[in-house]
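Undergrad: For reference, the file target.cif (mmCIF, C-alpha atoms and all ligand atoms) is included below:
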```
data_coords
#
loop_
_atom_site.label_atom_id
_atom_site.label_comp_id
_atom_site.auth_asym_id
_atom_site.auth_seq_id
_atom_site.Cartn_x
_atom_site.Cartn_y
_atom_site.Cartn_z
CA MET A 1 93.17 86.77 115.45
CA THR A 2 93.24 87.60 119.14
CA ALA A 3 91.69 90.86 120.29
CA LEU A 4 93.12 93.19 122.86
CA PRO A 5 90.40 94.34 125.23
CA GLY A 6 89.28 97.54 123.61
CA TRP A 7 90.65 96.44 120.22
CA PRO A 8 87.63 95.10 118.41
CA ILE A 9 88.31 92.77 115.54
CA MET A 10 87.08 94.70 112.55
CA ARG A 11 84.94 92.61 110.24
CA GLY A 12 85.26 94.95 107.33
CA MET A 13 86.39 98.42 106.54
CA ASP A 14 84.06 101.29 106.21
CA ALA A 15 83.97 103.42 103.10
CA ARG A 16 86.32 106.00 104.63
CA THR A 17 89.16 103.49 104.76
CA ARG A 18 89.25 102.89 101.03
CA ILE A 19 92.39 104.14 99.45
CA THR A 20 92.86 105.33 95.96
CA ILE A 21 96.14 105.41 94.16
CA ASN A 22 97.53 108.94 94.06
CA ASP A 23 95.54 109.93 97.10
CA ALA A 24 96.19 113.64 97.06
CA ALA A 25 95.63 114.12 100.77
CA THR A 26 98.77 112.27 101.77
CA ALA A 27 102.38 112.41 100.73
CA SER A 28 105.01 109.74 101.12
CA SER A 29 107.75 110.79 103.42
CA ASP A 30 111.31 109.99 104.39
CA SER A 31 113.43 112.86 105.58
CA GLU A 32 116.41 110.54 105.60
CA ARG A 33 116.48 109.87 101.90
CA ALA A 34 119.87 109.50 100.40
CA PRO A 35 120.46 112.32 97.93
CA LYS A 36 118.45 111.68 94.80
CA THR A 37 120.82 113.56 92.62
CA LEU A 38 124.40 112.65 91.97
CA SER A 39 127.00 115.05 90.70
CA PRO A 40 127.86 114.51 86.98
CA GLU A 41 131.11 112.81 88.02
CA GLU A 42 129.30 110.56 90.44
CA ARG A 43 126.67 109.69 87.83
CA THR A 44 129.31 108.30 85.52
CA GLY A 45 129.42 104.60 86.23
CA ALA A 46 126.69 104.87 88.89
CA LEU A 47 123.76 102.52 89.13
CA ILE A 48 121.01 103.99 86.99
CA ASP A 49 117.80 102.01 86.52
CA PRO A 50 115.66 101.83 83.36
CA PHE A 51 113.62 104.81 84.57
CA GLY A 52 116.65 107.04 85.04
CA ARG A 53 116.67 106.74 88.83
CA ALA A 54 120.12 106.66 90.45
CA ILE A 55 120.37 103.91 93.05
CA THR A 56 122.21 105.45 95.97
CA TYR A 57 120.60 103.75 98.95
CA LEU A 58 120.97 100.14 100.11
CA ARG A 59 118.92 98.57 102.89
CA ILE A 60 120.34 95.39 104.35
CA SER A 61 118.33 92.92 106.39
CA VAL A 62 121.17 91.49 108.46
CA THR A 63 118.90 88.87 110.02
CA ASP A 64 115.26 87.86 109.68
CA ARG A 65 115.19 87.00 113.39
CA CYS A 66 113.76 89.28 115.99
CA ASP A 67 112.98 89.40 119.70
CA PHE A 68 109.49 90.79 118.88
CA ARG A 69 106.69 89.36 116.74
CA CYS A 70 104.82 92.47 115.63
CA ARG A 71 101.40 91.49 114.33
CA TYR A 72 101.64 93.38 111.05
CA CYS A 73 105.22 92.16 110.41
CA MET A 74 105.54 88.45 111.05
CA ALA A 75 103.70 85.36 112.22
CA GLU A 76 103.67 84.37 115.88
CA GLN A 77 105.74 81.29 115.10
CA PRO A 78 107.65 82.23 111.99
CA GLU A 79 109.84 79.84 110.08
CA PHE A 80 113.17 81.60 110.13
CA LEU A 81 115.68 81.25 107.33
CA PRO A 82 118.10 78.34 107.86
CA LYS A 83 121.29 79.69 109.42
CA LYS A 84 123.61 78.15 106.82
CA GLU A 85 121.78 80.11 104.12
CA VAL A 86 122.34 83.41 105.90
CA LEU A 87 125.26 85.52 104.66
CA THR A 88 128.19 85.75 107.04
CA LEU A 89 129.11 89.24 108.21
CA GLU A 90 132.15 89.11 105.92
CA GLU A 91 129.88 88.26 102.98
CA ILE A 92 127.54 91.14 103.82
CA ASP A 93 130.56 93.42 103.93
CA ALA A 94 131.70 92.21 100.50
CA VAL A 95 128.26 92.85 98.97
CA ALA A 96 127.79 96.23 100.67
CA SER A 97 131.26 97.34 99.61
CA ALA A 98 130.47 96.46 96.00
CA PHE A 99 127.43 98.73 96.23
CA VAL A 100 129.53 101.55 97.66
CA ARG A 101 131.94 101.22 94.76
CA LEU A 102 128.94 101.48 92.45
CA GLY A 103 127.76 104.77 93.94
CA VAL A 104 125.63 103.83 96.96
CA ARG A 105 125.91 106.68 99.46
CA LYS A 106 123.65 105.52 102.24
CA ILE A 107 123.30 102.14 103.95
CA ARG A 108 120.59 101.25 106.44
CA LEU A 109 120.85 98.05 108.47
CA THR A 110 117.50 96.54 109.27
CA GLY A 111 115.90 93.15 109.65
CA GLY A 112 114.42 91.40 111.60
CA GLU A 113 116.09 93.15 114.47
CA PRO A 114 119.59 94.19 113.40
CA LEU A 115 120.87 94.50 116.96
CA VAL A 116 120.12 90.85 117.78
CA ARG A 117 122.55 89.63 115.10
CA ARG A 118 125.66 88.30 116.83
CA ASP A 119 128.74 90.52 116.39
CA ILE A 120 126.71 93.17 114.62
CA MET A 121 129.11 95.86 115.86
CA TRP A 122 131.89 94.20 113.85
CA LEU A 123 129.89 94.76 110.67
CA ILE A 124 128.97 98.32 111.61
CA ARG A 125 132.56 99.25 112.32
CA ARG A 126 133.67 97.54 109.14
CA LEU A 127 131.11 99.37 106.96
CA ALA A 128 131.96 102.64 108.69
CA ARG A 129 135.36 102.60 106.96
CA HIS A 130 133.55 103.70 103.82
CA MET A 131 132.46 106.87 105.62
CA GLN A 132 136.05 107.60 106.61
CA SER A 133 137.04 107.32 102.97
CA ALA A 134 134.11 109.67 102.21
CA HIS A 135 132.42 107.30 99.78
CA LEU A 136 129.53 106.52 102.07
CA ARG A 137 127.68 109.53 103.46
CA GLU A 138 125.53 107.74 106.01
CA LEU A 139 125.39 104.45 107.85
CA THR A 140 122.29 104.04 109.95
CA LEU A 141 119.82 101.49 111.20
CA THR A 142 116.19 100.80 111.92
CA THR A 143 115.67 99.09 115.25
CA ASN A 144 112.90 98.13 117.63
CA GLY A 145 114.97 99.74 120.38
CA SER A 146 115.09 96.71 122.68
CA GLN A 147 118.90 96.52 122.53
CA LEU A 148 119.66 100.23 122.25
CA ALA A 149 120.59 100.70 125.90
CA ARG A 150 123.38 98.19 125.32
CA TYR A 151 124.60 99.50 121.96
CA ALA A 152 123.93 103.26 121.79
CA LYS A 153 127.42 104.41 122.81
CA GLU A 154 129.16 101.87 120.59
CA LEU A 155 127.04 102.95 117.63
CA VAL A 156 128.07 106.56 118.10
CA ALA A 157 131.70 105.59 118.51
CA ALA A 158 131.48 103.68 115.22
CA GLY A 159 130.14 106.73 113.37
CA VAL A 160 126.38 106.16 113.39
CA ARG A 161 124.68 109.52 113.84
CA ARG A 162 121.01 108.68 113.80
CA VAL A 163 118.65 105.75 114.11
CA ASN A 164 115.02 105.02 113.36
CA VAL A 165 113.22 103.41 116.27
CA SER A 166 109.87 101.71 115.76
CA LEU A 167 107.25 102.40 118.39
CA ASP A 168 103.51 102.07 117.80
CA THR A 169 102.07 102.87 121.21
CA LEU A 170 103.01 104.36 124.57
CA ASP A 171 100.63 102.05 126.40
CA ALA A 172 102.60 99.14 127.91
CA GLU A 173 99.75 96.64 127.55
CA LYS A 174 99.06 97.53 123.93
CA PHE A 175 102.78 97.48 123.23
CA HIS A 176 103.02 93.95 124.56
CA PHE A 177 99.95 93.02 122.51
CA VAL A 178 101.13 94.44 119.20
CA THR A 179 104.70 93.14 119.53
CA ARG A 180 103.41 89.88 121.06
CA ARG A 181 106.32 89.96 123.54
CA GLY A 182 107.96 93.38 123.77
CA ASP A 183 108.58 95.38 126.94
CA LEU A 184 107.84 99.08 126.47
CA LYS A 185 110.01 100.10 129.44
CA ARG A 186 113.03 98.52 127.82
CA VAL A 187 112.48 100.39 124.57
CA LEU A 188 111.99 103.69 126.41
CA ALA A 189 115.25 103.04 128.28
CA GLY A 190 116.86 102.38 124.90
CA LEU A 191 115.60 105.72 123.62
CA ASP A 192 117.01 107.49 126.69
CA ALA A 193 120.36 105.82 126.10
CA ALA A 194 120.32 106.76 122.42
CA GLN A 195 119.66 110.39 123.24
CA GLU A 196 122.29 110.48 125.97
CA ALA A 197 124.83 109.00 123.57
CA GLY A 198 124.04 111.78 121.09
CA LEU A 199 122.13 109.78 118.48
CA ARG A 200 119.42 111.59 116.57
CA VAL A 201 116.24 109.57 116.70
CA LYS A 202 113.32 109.28 114.34
CA ILE A 203 110.31 107.34 115.55
CA ASN A 204 108.50 105.06 113.09
CA THR A 205 104.88 104.39 113.99
CA VAL A 206 102.75 102.02 111.95
CA ALA A 207 99.20 103.35 112.00
CA VAL A 208 97.04 100.37 112.93
CA LYS A 209 93.29 100.62 112.75
CA ALA A 210 91.59 100.47 116.14
CA LEU A 211 94.92 99.79 117.86
CA ASN A 212 96.67 103.14 117.94
CA GLU A 213 94.53 105.40 115.75
CA ASP A 214 93.18 107.37 118.71
CA GLU A 215 96.63 107.59 120.28
CA ILE A 216 98.43 109.03 117.26
CA PRO A 217 98.18 112.70 118.31
CA ASP A 218 99.61 111.80 121.74
CA ILE A 219 102.45 109.80 120.19
CA VAL A 220 103.29 112.72 117.88
CA ARG A 221 103.20 115.19 120.81
CA TRP A 222 105.38 112.87 122.89
CA ALA A 223 107.92 112.39 120.07
CA HIS A 224 108.17 116.11 119.43
CA SER A 225 108.45 116.90 123.14
CA ARG A 226 111.48 114.55 123.20
CA GLY A 227 113.02 116.22 120.17
CA PHE A 228 112.37 113.21 117.89
CA ASP A 229 111.08 113.40 114.33
CA ILE A 230 108.29 110.94 113.71
CA SER A 231 106.95 109.17 110.63
CA LEU A 232 103.60 107.47 110.43
CA ILE A 233 103.47 104.42 108.17
CA GLU A 234 100.62 102.61 106.44
CA THR A 235 100.62 98.82 106.76
CA MET A 236 101.76 97.08 103.61
CA PRO A 237 100.58 93.65 102.48
CA MET A 238 103.87 91.89 103.13
CA GLY A 239 103.40 88.14 103.61
CA ASP A 240 101.06 86.15 105.78
CA THR A 241 101.31 87.12 109.44
CA GLY A 242 98.24 85.22 110.53
CA GLU A 243 96.37 88.52 110.92
CA GLU A 244 93.77 90.07 108.67
CA ARG A 245 95.53 92.93 106.89
CA ALA A 246 92.40 94.76 105.87
CA HIS A 247 91.43 94.92 109.56
CA GLN A 248 94.72 96.61 110.43
CA TYR A 249 94.89 99.03 107.54
CA LEU A 250 94.40 102.69 108.35
CA PRO A 251 94.90 105.18 105.52
CA LEU A 252 97.04 108.12 106.54
CA SER A 253 94.81 110.46 104.56
CA LEU A 254 92.26 109.84 107.30
CA VAL A 255 94.79 110.37 110.09
CA ARG A 256 95.98 113.59 108.55
CA ASP A 257 92.43 114.82 108.12
CA ARG A 258 91.76 114.21 111.79
CA LEU A 259 94.91 116.03 112.88
CA GLU A 260 94.04 119.04 110.77
CA LYS A 261 90.26 119.17 110.96
CA GLU A 262 89.48 117.75 114.39
CA LEU A 263 92.54 118.95 116.32
CA GLY A 264 93.15 122.05 114.22
CA TRP A 265 96.84 121.26 113.75
CA ARG A 266 98.60 123.34 111.14
CA LEU A 267 100.94 121.24 108.99
CA GLU A 268 103.45 123.18 106.96
CA ARG A 269 105.77 121.74 104.33
CA ASP A 270 109.28 121.24 105.65
CA ASP A 271 112.05 121.14 103.08
CA LEU A 272 114.85 120.99 105.58
CA ASN A 273 116.91 117.86 105.34
CA THR A 274 115.18 116.33 102.32
CA GLY A 275 116.98 115.50 99.14
CA GLY A 276 114.27 116.77 96.83
CA PRO A 277 110.58 117.64 96.91
CA SER A 278 109.57 117.89 100.54
CA ARG A 279 107.86 114.90 102.08
CA TYR A 280 107.89 116.19 105.64
CA TRP A 281 105.63 118.51 107.54
CA ARG A 282 106.29 120.83 110.43
CA VAL A 283 103.51 120.79 113.01
CA ARG A 284 103.04 124.38 114.14
CA GLU A 285 101.45 123.34 117.41
CA THR A 286 104.34 121.09 118.52
CA GLY A 287 107.23 122.55 116.54
CA GLY A 288 108.32 119.06 115.43
CA ARG A 289 108.57 117.25 112.12
CA LEU A 290 106.01 114.71 110.99
CA GLY A 291 106.25 112.39 108.00
CA PHE A 292 103.56 110.36 106.28
CA ILE A 293 104.84 107.20 104.65
CA THR A 294 102.11 106.12 102.27
CA PRO A 295 103.42 103.13 100.35
CA LEU A 296 99.98 102.59 98.91
CA SER A 297 100.22 105.83 97.05
CA ALA A 298 101.72 105.50 93.57
CA HIS A 299 103.93 108.59 93.62
CA PHE A 300 106.06 106.95 96.31
CA CYS A 301 107.89 105.05 93.58
CA ASP A 302 108.69 107.82 91.13
CA ASP A 303 111.89 108.87 92.83
CA CYS A 304 112.79 105.54 94.41
CA ASN A 305 116.53 105.40 94.94
CA ARG A 306 116.85 102.17 96.92
CA VAL A 307 117.28 98.43 96.69
CA ARG A 308 117.16 95.79 99.41
CA LEU A 309 119.42 92.90 100.36
CA THR A 310 118.01 90.04 102.43
CA ALA A 311 119.96 88.13 105.07
CA THR A 312 120.37 85.26 102.58
CA GLY A 313 121.81 87.53 99.90
CA LYS A 314 118.77 88.04 97.69
CA LEU A 315 118.74 91.46 96.15
CA TYR A 316 115.20 92.79 95.78
CA LEU A 317 114.85 95.68 93.40
CA CYS A 318 111.49 96.71 94.83
CA LEU A 319 109.81 96.02 98.18
CA GLY A 320 106.58 95.17 96.40
CA GLN A 321 107.85 93.06 93.51
CA ASN A 322 109.46 89.64 93.28
CA GLU A 323 112.38 90.20 90.91
CA ASP A 324 115.56 89.32 92.72
CA ALA A 325 119.21 88.53 92.11
CA ASP A 326 121.05 85.89 94.10
CA LEU A 327 124.16 87.64 95.38
CA ARG A 328 124.97 84.79 97.77
CA ALA A 329 125.49 82.51 94.79
CA VAL A 330 127.88 85.10 93.37
CA VAL A 331 129.86 85.48 96.61
CA ARG A 332 130.06 81.73 97.23
CA GLY A 333 130.50 80.70 93.60
CA HIS A 334 133.62 82.65 92.68
CA ALA A 335 137.25 82.55 93.64
CA PRO A 336 138.04 85.27 96.19
CA GLU A 337 139.95 87.35 93.65
CA ASP A 338 136.96 87.33 91.26
CA VAL A 339 134.16 88.04 93.73
CA ASP A 340 134.26 91.85 93.60
CA ALA A 341 134.04 92.07 89.81
CA ALA A 342 131.35 89.37 89.67
CA LEU A 343 129.29 91.18 92.29
CA GLU A 344 129.52 94.47 90.40
CA ARG A 345 128.42 92.79 87.16
CA THR A 346 125.47 91.05 88.80
CA ILE A 347 124.35 94.17 90.68
CA ARG A 348 124.46 96.25 87.48
CA ALA A 349 122.48 93.63 85.58
CA ALA A 350 119.89 93.48 88.37
CA VAL A 351 119.46 97.26 88.63
CA ALA A 352 118.98 97.35 84.86
CA LYS A 353 115.76 95.42 85.51
CA LYS A 354 114.43 97.43 88.46
CA PRO A 355 110.64 97.60 88.13
CA GLN A 356 108.90 100.93 87.98
CA GLY A 357 107.00 100.40 91.24
CA HIS A 358 104.88 98.20 93.44
CA GLU A 359 101.22 97.33 93.05
CA PHE A 360 100.09 97.40 96.65
CA ALA A 361 96.46 98.29 97.28
CA ILE A 362 94.14 97.50 100.15
CA SER A 363 90.42 98.07 100.26
CA SER A 364 87.53 96.42 102.05
CA ASP A 365 87.09 93.82 99.36
CA GLU A 366 90.53 93.48 97.88
CA ILE A 367 94.20 93.28 98.81
CA ARG A 368 96.40 93.69 95.77
CA GLY A 369 100.11 93.20 95.42
CA GLN A 370 100.48 91.00 98.52
CA MET A 371 104.07 89.72 98.70
CA PRO A 372 104.90 86.15 99.67
CA ARG A 373 107.62 87.31 102.07
CA THR A 374 107.08 89.06 105.37
CA MET A 375 108.68 92.43 106.17
CA ASN A 376 111.36 90.99 108.47
CA VAL A 377 112.75 89.05 105.49
CA THR A 378 113.06 91.95 103.07
CA GLY A 379 113.89 94.53 105.70
CA GLY A 380 111.57 97.48 106.25
N1 LIG B 1 113.07 95.36 113.83
C1 LIG B 1 113.33 96.67 113.37
C2 LIG B 1 112.18 97.60 113.68
O1 LIG B 1 111.11 97.11 114.01
O2 LIG B 1 112.39 98.80 113.58
C3 LIG B 1 113.69 96.75 111.91
C4 LIG B 1 112.93 95.88 110.96
S1 LIG B 1 111.20 96.29 110.76
C5 LIG B 1 110.71 95.12 109.56
C6 LIG B 1 111.33 97.84 109.89
C7 LIG B 1 110.09 98.67 109.87
O3 LIG B 1 109.10 98.02 109.11
C8 LIG B 1 109.49 98.95 111.23
O4 LIG B 1 109.32 100.34 111.39
C9 LIG B 1 108.15 98.25 111.18
O5 LIG B 1 107.19 98.93 111.94
C10 LIG B 1 107.84 98.29 109.70
N2 LIG B 1 106.92 97.25 109.24
C11 LIG B 1 106.95 95.93 109.49
N3 LIG B 1 105.95 95.29 108.83
C12 LIG B 1 105.26 96.23 108.16
C13 LIG B 1 104.14 96.23 107.29
N4 LIG B 1 103.52 95.09 106.98
N5 LIG B 1 103.73 97.39 106.76
C14 LIG B 1 104.36 98.56 107.05
N6 LIG B 1 105.43 98.63 107.86
C15 LIG B 1 105.88 97.50 108.41
FE1 LIG B 2 110.66 92.57 114.76
FE2 LIG B 2 110.73 94.94 113.63
FE3 LIG B 2 109.17 93.04 112.63
FE4 LIG B 2 108.53 94.09 114.95
S1 LIG B 2 108.60 95.17 112.99
S2 LIG B 2 108.60 91.90 114.47
S3 LIG B 2 110.47 94.52 115.81
S4 LIG B 2 111.34 93.02 112.67
#
```
Starting from the file, give its structure as structure tokens.

TA:
Amino acid sequence: MTALPGWPIMRGMDARTRITINDAATASSDSERAPKTLSPEERTGALIDPFGRAITYLRISVTDRCDFRCRYCMAEQPEFLPKKEVLTLEEIDAVASAFVRLGVRKIRLTGGEPLVRRDIMWLIRRLARHMQSAHLRELTLTTNGSQLARYAKELVAAGVRRVNVSLDTLDAEKFHFVTRRGDLKRVLAGLDAAQEAGLRVKINTVAVKALNEDEIPDIVRWAHSRGFDISLIETMPMGDTGEERAHQYLPLSLVRDRLEKELGWRLERDDLNTGGPSRYWRVRETGGRLGFITPLSAHFCDDCNRVRLTATGKLYLCLGQNEDADLRAVVRGHAPEDVDAALERTIRAAVAKKPQGHEFAISSDEIRGQMPRTMNVTGG
């Protein structure tokens, strides 16, 4: 592992960085949840998993490729999925449309970097037809922002109303270090373009030990001063990135403690815009909204409403489990007139086996639940 000057390689974690399941000091957060409840009419025929959770949210990794190589996300020289195995945009549309017919109300395009997929705007415009017919309530994406200056206006014209943009530091040198190749100026220009085009922006910041932990209050202040919501995220043990996960892991309970006890910030529950129990906090001092995404905390899974499709058509029922269904085989193995029905059957059968939750845990002496695939494959 290479060290940034001023970023010591941590040889172990101190006792404060241990996390316990159900850590009461943090709460998982996602203000952009699809509604967790469906109307009785909508529930009929909807995708309900064995734990009674309605599946209303699909995340699609449209490509595993990316113009960055973030250290917690992928290896420096990743082996990308062979192109012939990747779903065509038409195939993604067929799968996504089957989900919409089955009650999915929100789709998020992710990756890899969704905006580096060739002709991505074709897919976005195509999926947007489901919003015009009022079946889909939201089409959005998570992006590293590098291509936003080019696409912001087109996204708005297609019907996208908000985007999540990942940004872990406002220091250009650190940014280049953590992304292994990114240009901070370009991302900031992308954010300007997004705002000018009228997109609502939420910043996603992975809290990385010794990299950005001291900068977090400044990043939150900056985001709120720009009118952006911001979510802090704990690193998850997704695949081998060539970096020591335990060295990167920073529990958000610690971050939150520092904000409240050392800086005296007052965090108040914010119910606005959430589809159920609040997971967001309003910072009195900045006036903005702050989320804590704590995947290592068990209660994250209780109201899970999402499933994930990879670029090669694997449907993962849980980010932290390996059960999958091969939807590419369904799309490519049936006559065109039979594909829709076959997809619906396979999706229903897969959701009927959705696991209760993940088993991620990181401590100084143990990493549990590590997945074989990196985050760019499953889609964050
Ligand atoms: N390239 C886009 C981006 O960076 O926003 C979309 C894909 S990226 C995999 C989606 C999100 O996952 C990003 O916010 C990223 O910071 C986060 N992420 C990647 N690897 C992670 C990990 N191991 N643990 C937690 N979050 C991770
Ligand atoms: Fe690319 Fe996003 Fe992964 Fe960074 S987090 S390497 S931008 S996919």

Undergrad: Throw together the list of residues within 8 Å of ligand LIG 2 (chain B), counting only C-alpha atoms and all ligand atoms, and drop it here as a list in words.

TA: Asp64, Arg65, Cys66, Asp67, Phe68, Arg69, Cys70, Arg71, Tyr72, Cys73, Met74, Thr110, Gly111, Gly112, Glu113, Thr143, Asn144, Ser166, Thr179, Met375, Asn376, Gly379 and Gly380 of chain A

Undergrad: For Phe228 in chain A, please output as an MDAnalysis selection string all residues within 6 Å (counting all atoms listed in the file; exclusion window: fewer than 3 positions along the same chain).

TA: chainID A and resid 201:202 223:224

Undergrad: Kindly give the distance, in Å, that separates CA of Ala210 in chain A and CA of Gly291 in chain A, rounded to a single decimal.

TA: 20.6 Å

Undergrad: Return the single residue from A:Asp119, A:Ala197, A:Ile233, A:Glu173 that is closest to Ala149 in chain A, with distances computed using only C-alpha atoms.

TA: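 Going through A:Asp119, A:Ala197, A:Ile233, A:Glu173 one by one, the smallest distance to Ala149 in chain A is for A:Ala197.
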
Undergrad: So which residues touch Ala329 in chain A within 10 Å, counting all atoms listed in the file, skipping near sequence neighbours fewer than 5 positions away, as a list in words?

TA: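 With the cut-off at 10 Å, the set is Thr312, Gly313, Lys314, His334 and Leu343 of chain A.
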
Undergrad: Using C-alpha atoms, can you write the selected residues to a file as an mmCIF file, keeping the file's coordinate frame?

TA:
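Once everything was written out, this is selection-v3.cif:
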```
data_model
loop_
_atom_site.group_PDB
_atom_site.id
_atom_site.type_symbol
_atom_site.label_atom_id
_atom_site.label_comp_id
_atom_site.auth_asym_id
_atom_site.auth_seq_id
_atom_site.Cartn_x
_atom_site.Cartn_y
_atom_site.Cartn_z
ATOM 1 C CA THR A 312 120.370 85.260 102.580
ATOM 2 C CA GLY A 313 121.810 87.530 99.900
ATOM 3 C CA LYS A 314 118.770 88.040 97.690
ATOM 4 C CA HIS A 334 133.620 82.650 92.680
ATOM 5 C CA LEU A 343 129.290 91.180 92.290
#
```

Undergrad: Box along x, y and z, 5 Å on every side, all listed atoms of range 48-61 of chain A inside: centre and edge lengths in Å to one decimal, as lines of an AutoDock Vina configuration file.

TA:
```
center_x = 117.9
center_y = 100.0
center_z = 94.9
size_x = 18.6
size_y = 24.1
size_z = 33.0
```

Undergrad: Using only C-alpha atoms for the distances, tell me which of A:Ala341, A:Met121, A:Ala46, A:Leu58 is nearest to Leu317 in chain A.

TA: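 Smallest distance to Leu317 in chain A is found for A:Leu58.
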
Undergrad: Could you list, as a list in words, every residue within 10 Å of Trp222 in chain A, counting only C-alpha atoms and ignoring same-chain residues fewer than 6 positions away?

TA: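 These residues fall inside the cut-off: Leu170, Ile216, Phe228, Ile230 and Thr286 of chain A.
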
Undergrad: Pick out the closest residue to Leu136 in chain A from this set: A:Ile107, A:Val86, A:Leu199, A:Val95. Count only C-alpha atoms.

TA: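 When distances to Leu136 in chain A are compared using only C-alpha atoms, the smallest one comes from A:Ile107.
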
Undergrad: Using Å and a single decimal, report how far CA of Leu109 in chain A sits from CA of Arg282 in chain A.

TA: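 Going from CA of Arg282 in chain A over to CA of Leu109 in chain A, I get 27.1 Å.
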
Undergrad: At what distance in Å, to one decimal, does CA of Arg221 in chain A lie from CA of Arg284 in chain A?

TA: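 These two atoms are separated by 11.4 Å.
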
Undergrad: Tell me which protein, DNA and RNA residues are within 9 Å of Asn204 in chain A, counting all atoms listed in the file, leaving out same-chain ones fewer than 3 positions away, and put them as a list in words.

TA: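 These residues fall inside the cut-off: Thr142, Asn164, Val165, Ser166, Leu167, Asp168, Asp229, Ile230, Ser231, Leu232 and Ile233 of chain A.
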
Undergrad: Can you put N, CA and C atoms back into range 55-66 of chain A and show it as a compact mmCIF listing (two decimals), in the frame of the given file?

TA:
```
# COMPACT_ATOMS: atom_id res chain seq x y z
N ILE A 55 120.51 104.74 91.85
CA ILE A 55 120.37 103.91 93.05
C ILE A 55 121.52 104.24 94.00
N THR A 56 121.18 104.96 95.06
CA THR A 56 122.21 105.45 95.97
C THR A 56 122.00 104.96 97.40
N TYR A 57 121.01 104.12 97.60
CA TYR A 57 120.60 103.75 98.95
C TYR A 57 120.37 102.24 99.01
N LEU A 58 121.11 101.59 99.93
CA LEU A 58 120.97 100.14 100.11
C LEU A 58 120.46 99.85 101.51
N ARG A 59 119.40 99.05 101.58
CA ARG A 59 118.92 98.57 102.89
C ARG A 59 119.31 97.11 103.01
N ILE A 60 119.87 96.77 104.15
CA ILE A 60 120.34 95.39 104.35
C ILE A 60 119.61 94.78 105.54
N SER A 61 118.90 93.69 105.29
CA SER A 61 118.33 92.92 106.39
C SER A 61 119.42 91.97 106.86
N VAL A 62 120.02 92.28 108.02
CA VAL A 62 121.17 91.49 108.46
C VAL A 62 120.74 90.18 109.12
N THR A 63 119.48 90.11 109.49
CA THR A 63 118.90 88.87 110.02
C THR A 63 117.39 88.96 109.87
N ASP A 64 116.72 87.82 109.68
CA ASP A 64 115.26 87.86 109.68
C ASP A 64 114.73 87.59 111.08
N ARG A 65 115.63 87.31 112.03
CA ARG A 65 115.19 87.00 113.39
C ARG A 65 114.92 88.26 114.19
N CYS A 66 114.13 88.10 115.21
CA CYS A 66 113.76 89.28 115.99
C CYS A 66 113.29 88.83 117.37
```
